[in-house]
$ cat run_6.txt   # compact mmCIF, C-alpha atoms
# COMPACT_ATOMS: atom_id res chain seq x y z
CA MET Q 1 121.30 25.97 139.55
CA LEU Q 2 123.38 28.05 137.15
CA GLU Q 3 120.86 27.57 134.43
CA ASP Q 4 118.08 28.86 136.70
CA LEU Q 5 120.14 31.96 137.51
CA LEU Q 6 120.80 32.62 133.83
CA ALA Q 7 117.13 32.21 133.00
CA ALA Q 8 116.14 34.57 135.83
CA ALA Q 9 118.69 37.12 134.68
CA ALA Q 10 117.46 36.86 131.09
CA ALA Q 11 113.87 37.27 132.24
CA ALA Q 12 114.80 40.28 134.39
CA GLY Q 13 116.70 41.79 131.48
CA ALA Q 14 113.78 41.26 129.12
CA ALA Q 15 111.41 42.76 131.66
CA GLY Q 16 113.75 45.73 132.05
CA LEU Q 17 113.88 46.24 128.32
CA VAL Q 18 110.12 46.08 128.07
CA TYR Q 19 109.81 48.58 130.95
CA VAL Q 20 112.31 50.97 129.36
CA ALA Q 21 110.57 50.67 126.01
CA ALA Q 22 107.22 51.40 127.63
CA ALA Q 23 108.55 54.26 129.78
CA ALA Q 24 110.81 55.96 127.25
CA ARG Q 25 109.53 59.12 125.56
CA VAL Q 26 111.15 61.56 123.15
CA ILE Q 27 110.06 65.20 123.07
CA LYS Q 28 110.94 67.19 119.97
CA GLN Q 29 112.64 70.58 120.05
CA TYR Q 30 109.46 72.54 119.28
CA GLU Q 31 107.38 70.60 121.86
CA ARG Q 32 106.94 70.59 125.61
CA GLY Q 33 105.70 67.66 127.70
CA VAL Q 34 103.14 67.76 130.51
CA VAL Q 35 103.09 64.64 132.72
CA PHE Q 36 99.89 63.58 134.50
CA ARG Q 37 100.37 61.06 137.33
CA LEU Q 38 97.07 59.59 138.43
CA GLY Q 39 95.26 62.62 137.05
CA ARG Q 40 97.54 65.27 138.58
CA ILE Q 41 100.29 67.27 136.94
CA ARG Q 42 103.61 65.85 138.05
CA GLY Q 43 106.57 68.21 138.30
CA ALA Q 44 107.55 70.89 135.85
CA VAL Q 45 107.00 70.86 132.13
CA ARG Q 46 109.36 68.39 130.44
CA SER Q 47 111.90 69.99 128.14
CA PRO Q 48 112.85 68.61 124.68
CA GLY Q 49 114.88 65.43 124.57
CA PHE Q 50 114.68 61.96 126.11
CA THR Q 51 112.49 61.51 129.20
CA MET Q 52 111.01 58.65 131.22
CA VAL Q 53 107.51 58.09 132.61
CA ILE Q 54 106.00 55.35 134.71
CA PRO Q 55 103.96 53.05 132.45
CA ALA Q 56 100.26 52.71 133.30
CA VAL Q 57 100.66 55.45 135.92
CA ASP Q 58 101.97 58.49 134.09
CA ARG Q 59 100.49 60.02 130.99
CA LEU Q 60 102.53 62.39 128.84
CA ARG Q 61 100.81 65.14 126.82
CA LYS Q 62 102.90 66.93 124.21
CA VAL Q 63 102.14 70.54 123.34
CA ASN Q 64 103.34 72.18 120.13
CA MET Q 65 105.03 75.52 120.87
CA GLN Q 66 105.32 76.65 117.24
CA ILE Q 67 103.45 79.63 115.82
CA VAL Q 68 100.13 78.44 114.46
CA THR Q 69 98.57 80.06 111.39
CA MET Q 70 94.80 79.75 111.67
CA PRO Q 71 92.48 81.10 108.98
CA VAL Q 72 89.25 82.59 110.27
CA PRO Q 73 86.23 81.61 108.16
CA ALA Q 74 84.54 84.46 106.36
CA GLN Q 75 81.98 86.20 108.56
CA GLU Q 76 79.02 88.09 107.15
CA GLY Q 77 77.72 91.12 109.00
CA ILE Q 78 76.29 94.61 108.73
CA THR Q 79 78.55 97.59 109.29
CA ARG Q 80 77.63 100.62 111.33
CA ASP Q 81 76.58 102.47 108.16
CA ASN Q 82 74.21 99.60 107.17
CA VAL Q 83 76.31 97.88 104.49
CA THR Q 84 76.37 94.09 104.27
CA VAL Q 85 79.93 92.80 103.98
CA ARG Q 86 81.74 89.49 104.19
CA VAL Q 87 85.15 89.57 105.91
CA ASP Q 88 87.75 86.87 106.49
CA ALA Q 89 90.97 87.05 108.48
CA VAL Q 90 93.98 85.07 109.68
CA VAL Q 91 95.31 84.67 113.24
CA TYR Q 92 98.91 83.93 114.23
CA PHE Q 93 99.31 82.59 117.78
CA ARG Q 94 101.50 80.30 119.84
CA VAL Q 95 101.40 78.52 123.20
CA VAL Q 96 103.53 80.12 125.92
CA ASP Q 97 102.32 78.03 128.88
CA ALA Q 98 101.95 74.33 128.09
CA SER Q 99 100.29 73.47 131.42
CA ALA Q 100 97.63 76.17 131.07
CA ALA Q 101 96.94 75.19 127.46
CA ILE Q 102 96.21 71.61 128.58
CA VAL Q 103 94.44 72.23 131.90
CA ASN Q 104 92.55 75.52 131.52
CA VAL Q 105 90.86 74.82 128.19
CA GLU Q 106 89.67 71.65 126.52
CA ASP Q 107 90.95 72.48 123.03
CA TYR Q 108 92.86 75.73 122.77
CA ARG Q 109 92.87 75.69 118.95
CA PHE Q 110 89.09 75.43 118.77
CA ALA Q 111 88.72 78.05 121.50
CA VAL Q 112 90.94 80.53 119.65
CA SER Q 113 89.07 79.87 116.40
CA GLN Q 114 85.66 80.54 117.96
CA MET Q 115 86.89 83.64 119.76
CA ALA Q 116 88.37 84.96 116.51
CA GLN Q 117 85.08 84.48 114.65
CA THR Q 118 83.09 86.18 117.41
CA SER Q 119 85.53 89.09 117.61
CA LEU Q 120 85.52 89.51 113.83
CA ARG Q 121 81.73 89.79 113.75
CA SER Q 122 81.89 92.32 116.58
CA ILE Q 123 84.48 94.39 114.72
CA ILE Q 124 82.29 94.40 111.60
CA GLY Q 125 79.33 95.73 113.55
CA LYS Q 126 81.36 98.49 115.21
CA SER Q 127 83.12 99.74 112.07
CA GLU Q 128 82.10 101.62 108.98
CA LEU Q 129 82.74 100.50 105.44
CA ASP Q 130 85.47 103.09 104.84
CA ASP Q 131 87.35 101.84 107.92
CA LEU Q 132 87.22 98.24 106.69
CA LEU Q 133 88.62 99.27 103.32
CA SER Q 134 91.25 101.86 104.24
CA ASN Q 135 91.96 101.70 107.99
CA ARG Q 136 92.74 98.02 108.46
CA GLU Q 137 95.77 98.55 110.71
CA LYS Q 138 93.63 100.00 113.47
CA LEU Q 139 91.02 97.27 113.07
CA ASN Q 140 93.73 94.60 113.20
CA GLU Q 141 95.00 96.00 116.50
CA GLY Q 142 91.48 96.07 117.98
CA LEU Q 143 90.79 92.54 116.78
CA GLU Q 144 94.08 91.30 118.24
CA LEU Q 145 93.27 92.87 121.60
CA MET Q 146 89.80 91.31 121.67
CA ILE Q 147 91.19 87.82 121.00
CA ASP Q 148 94.26 88.13 123.24
CA SER Q 149 92.35 89.15 126.37
CA PRO Q 150 90.70 85.74 127.04
CA ALA Q 151 93.55 83.79 125.43
CA VAL Q 152 95.98 84.85 128.15
CA GLY Q 153 94.25 82.53 130.60
CA TRP Q 154 94.59 79.65 128.15
CA GLY Q 155 98.36 79.94 127.98
CA VAL Q 156 98.13 81.27 124.41
CA GLN Q 157 99.66 84.46 123.05
CA ILE Q 158 98.24 86.15 119.96
CA ASP Q 159 101.10 87.38 117.82
CA ARG Q 160 99.23 88.97 114.93
CA VAL Q 161 95.76 89.26 113.38
CA GLU Q 162 95.24 90.33 109.78
CA ILE Q 163 92.04 91.02 107.85
CA LYS Q 164 92.57 89.35 104.47
CA ASP Q 165 89.63 90.30 102.29
CA VAL Q 166 86.43 92.34 102.41
CA SER Q 167 83.72 91.19 99.98
CA LEU Q 168 81.01 93.66 98.99
CA PRO Q 169 77.69 93.12 97.22
CA ASP Q 170 77.63 93.75 93.48
CA THR Q 171 75.28 96.71 93.86
CA MET Q 172 77.65 98.36 96.32
CA LYS Q 173 80.60 97.77 93.98
CA ARG Q 174 78.74 99.46 91.13
CA SER Q 175 77.79 102.38 93.36
CA MET Q 176 81.38 102.82 94.51
CA ALA Q 177 82.58 102.63 90.90
CA ARG Q 178 80.12 105.35 89.85
CA GLN Q 179 81.16 107.49 92.80
CA ALA Q 180 84.85 107.13 91.94
CA GLU Q 181 84.15 107.88 88.28
CA ALA Q 182 82.18 111.01 89.17
CA ASP Q 183 84.93 112.19 91.49
CA ARG Q 184 87.57 111.69 88.78
CA GLU Q 185 85.42 113.54 86.25
CA ARG Q 186 84.97 116.41 88.70
CA ARG Q 187 88.70 116.68 89.24
CA ALA Q 188 89.33 116.52 85.48
CA ARG Q 189 86.90 119.39 84.86
CA ILE Q 190 88.51 121.47 87.60
CA ILE Q 191 91.95 120.88 86.11
CA ASN Q 192 90.72 121.77 82.61
CA ALA Q 193 89.05 124.94 83.88
CA ASP Q 194 92.19 125.96 85.74
CA ALA Q 195 94.25 125.36 82.61
CA GLU Q 196 91.85 127.47 80.54
CA LEU Q 197 92.06 130.26 83.10
CA GLN Q 198 95.84 130.27 83.08
CA ALA Q 199 95.93 130.10 79.27
CA SER Q 200 93.50 133.01 78.96
CA ARG Q 201 95.65 135.13 81.26
CA LYS Q 202 98.75 134.38 79.23
CA LEU Q 203 96.93 135.10 75.96
CA ALA Q 204 95.69 138.41 77.34
CA GLU Q 205 99.25 139.35 78.29
CA ALA Q 206 100.49 138.34 74.84
CA ALA Q 207 97.76 140.34 73.13
CA GLN Q 208 98.63 143.39 75.19
CA GLN Q 209 102.30 143.02 74.31
CA MET Q 210 101.54 142.66 70.61
CA ALA Q 211 99.25 145.67 70.72
CA ASP Q 212 102.09 147.76 72.12
CA THR Q 213 104.55 146.39 69.50
CA PRO Q 214 102.89 145.85 66.08
CA SER Q 215 105.99 144.22 64.63
CA ALA Q 216 105.59 141.35 67.13
CA LEU Q 217 102.41 140.33 65.29
CA GLN Q 218 104.34 140.04 62.02
CA LEU Q 219 107.02 137.95 63.70
CA ARG Q 220 104.38 135.69 65.14
CA LEU Q 221 102.87 135.28 61.70
CA LEU Q 222 106.23 134.25 60.25
CA GLN Q 223 106.74 131.73 63.07
CA THR Q 224 103.34 130.19 62.33
CA VAL Q 225 104.20 129.90 58.64
CA MET Q 226 107.49 128.16 59.47
CA ALA Q 227 105.77 125.74 61.81
CA VAL Q 228 103.19 124.81 59.20
CA ALA Q 229 105.80 124.45 56.45
CA ALA Q 230 107.86 122.09 58.57
CA GLU Q 231 105.06 119.51 58.45
CA LYS Q 232 105.70 118.97 54.70
CA ASN Q 233 102.05 119.28 53.80
CA SER Q 234 100.89 119.65 50.23
CA THR Q 235 98.65 122.57 51.12
CA LEU Q 236 99.88 125.64 52.95
CA VAL Q 237 97.36 127.96 54.52
CA LEU Q 238 98.77 131.43 54.97
CA PRO Q 239 96.77 133.67 57.28
CA ILE Q 240 96.88 137.37 56.36
CA PRO Q 241 96.20 139.94 59.05
CA VAL Q 242 93.26 142.25 58.52
CA GLU Q 243 95.48 145.28 59.10
CA LEU Q 244 97.62 144.27 56.09
CA LEU Q 245 94.53 143.96 53.89
CA ARG Q 246 93.36 147.39 54.96
CA PHE Q 247 96.80 148.81 54.19
CA LEU Q 248 96.76 147.30 50.72
CA GLU Q 249 93.24 148.53 50.15
CA LYS Q 250 94.24 152.06 50.99
CA GLY Q 251 97.25 151.83 48.66
CA GLN Q 252 95.07 150.74 45.73
CA GLN Q 253 92.72 153.69 46.07
CA VAL Q 254 93.89 156.39 43.47
CA PRO Q 255 92.94 159.95 44.36
CA PRO Q 256 90.72 161.57 41.61
CA SER Q 257 92.63 163.91 39.25
CA PRO Q 258 91.36 167.53 39.04
CA GLN Q 259 89.37 168.26 35.86
CA PRO Q 260 90.39 171.35 33.78
CA ALA Q 261 88.17 174.37 34.02
CA PRO Q 262 86.08 175.13 30.90
CA PRO Q 263 87.42 178.01 28.77
CA GLU Q 264 85.81 181.36 29.14
CA ARG Q 265 83.80 182.62 26.25
CA THR Q 266 84.50 186.11 24.98
CA THR Q 267 81.80 188.17 23.27
CA ALA Q 268 82.47 190.79 20.60
CA PRO Q 269 81.66 194.37 21.39
$ encode --input "run_6.txt" --output "structure tokens"
Amino acid sequence: MLEDLLAAAAAAGAAGLVYVAAAARVIKQYERGVVFRLGRIRGAVRSPGFTMVIPAVDRLRKVNMQIVTMPVPAQEGITRDNVTVRVDAVVYFRVVDASAAIVNVEDYRFAVSQMAQTSLRSIIGKSELDDLLSNREKLNEGLELMIDSPAVGWGVQIDRVEIKDVSLPDTMKRSMARQAEADRERRARIINADAELQASRKLAEAAQQMADTPSALQLRLLQTVMAVAAEKNSTLVLPIPVELLRFLEKGQQVPPSPQPAPPERTTAP
């Protein structure tokens, strides 16, 4: 009799261990558990830690609550100004309602991916090329709003959307390069012309000052000679003002001496 009781107790203990092993579940810190009992959601969402379910009756679905980084495949489209571009992006989202993410949509990851691709193509068609290249913050906000609107019903929250790269055709790249080069050349010519204008004004003022003070021209000449001599060249070119040459020319001209008058002839009476 005692042996039968011990065997029954051992069998009950083994059955209990098997039941506990089959019913025991562990939910990680970044997960939430949704329990389905005969096809219906049972109770609230299970929090992280150890939990129990009824084997063969309950079914536990774990949902990852971490932020998911999903790259959006490159989408090719035509902008509003008729330029063919290829744009790719990245979406950051996370699940905020585990029950809605399991019940309201079959696969929330796939749904977010398809919605992101559709929204990206729509953004390309509504934007111009300059906006895609220089005004990405505004486009990112519009893209995030377009994806987040349907994702709210799926228990998903879109944290951030970023456009990574915009690929242009080679012909468009060459055209943009020529345009940028022409614009830089235009600005360089304007700067050079402005510099010439300012230099001409300063030279005119200097010429007026030297005309009022002739000795300033001689001082300027001496400064030029010193600057050239400081270079230690073997040949020294010394410019001579034209006024100095004229002065020397006048000094070399000797005035003609007066010739004596011929003697008067006297005739005898």
$ closest_atom_pairs --input "run_6.txt" --of "stretch 44-126 of chain Q" --to "stretch 135-139 of chain Q" --cutoff "12 Å" --atoms "all atoms listed in the file" --output "tab-separated table"
residue	atom	partner	partner_atom	distance
Q:Val87	CA	Q:Arg136	CA	11.6
Q:Ala89	CA	Q:Arg136	CA	11.1
Q:Ser119	CA	Q:Leu139	CA	10.8
Q:Leu120	CA	Q:Leu139	CA	9.5
Q:Arg121	CA	Q:Leu139	CA	11.9
Q:Ser122	CA	Q:Leu139	CA	11.0
Q:Ile123	CA	Q:Leu139	CA	7.3
Q:Ile124	CA	Q:Leu139	CA	9.3
Q:Gly125	CA	Q:Leu139	CA	11.8
Q:Lys126	CA	Q:Leu139	CA	10.0
$ residues_around --input "run_6.txt" --residues "Q:Thr51" --least-positions-apart "3" --cutoff "7 Å" --atoms "only C-alpha atoms" --output "compact mmCIF listing (two decimals) with C-alpha atoms, in the coordinates of the input"
# COMPACT_ATOMS: atom_id res chain seq x y z
CA ALA Q 24 110.81 55.96 127.25
CA ARG Q 25 109.53 59.12 125.56
CA VAL Q 26 111.15 61.56 123.15
$ atom_distance --input "run_6.txt" --atom1 "atom CA of Q:Ala101" --atom2 "atom CA of Q:Phe36"
13.9 Å
$ atom_distance --input "run_6.txt" --atom1 "atom CA of Q:Met176" --atom2 "atom CA of Q:Arg86"
16.5 Å
$ atom_distance --input "run_6.txt" --atom1 "atom CA of Q:Arg160" --atom2 "atom CA of Q:Phe93"
7.0 Å
$ residues_near_point --input "run_6.txt" --point "(113.2, 60.9, 127.0)" --cutoff "10 Å" --atoms "all atoms listed in the file" --output "number ranges by chain"
Q: 23-28, 46-53
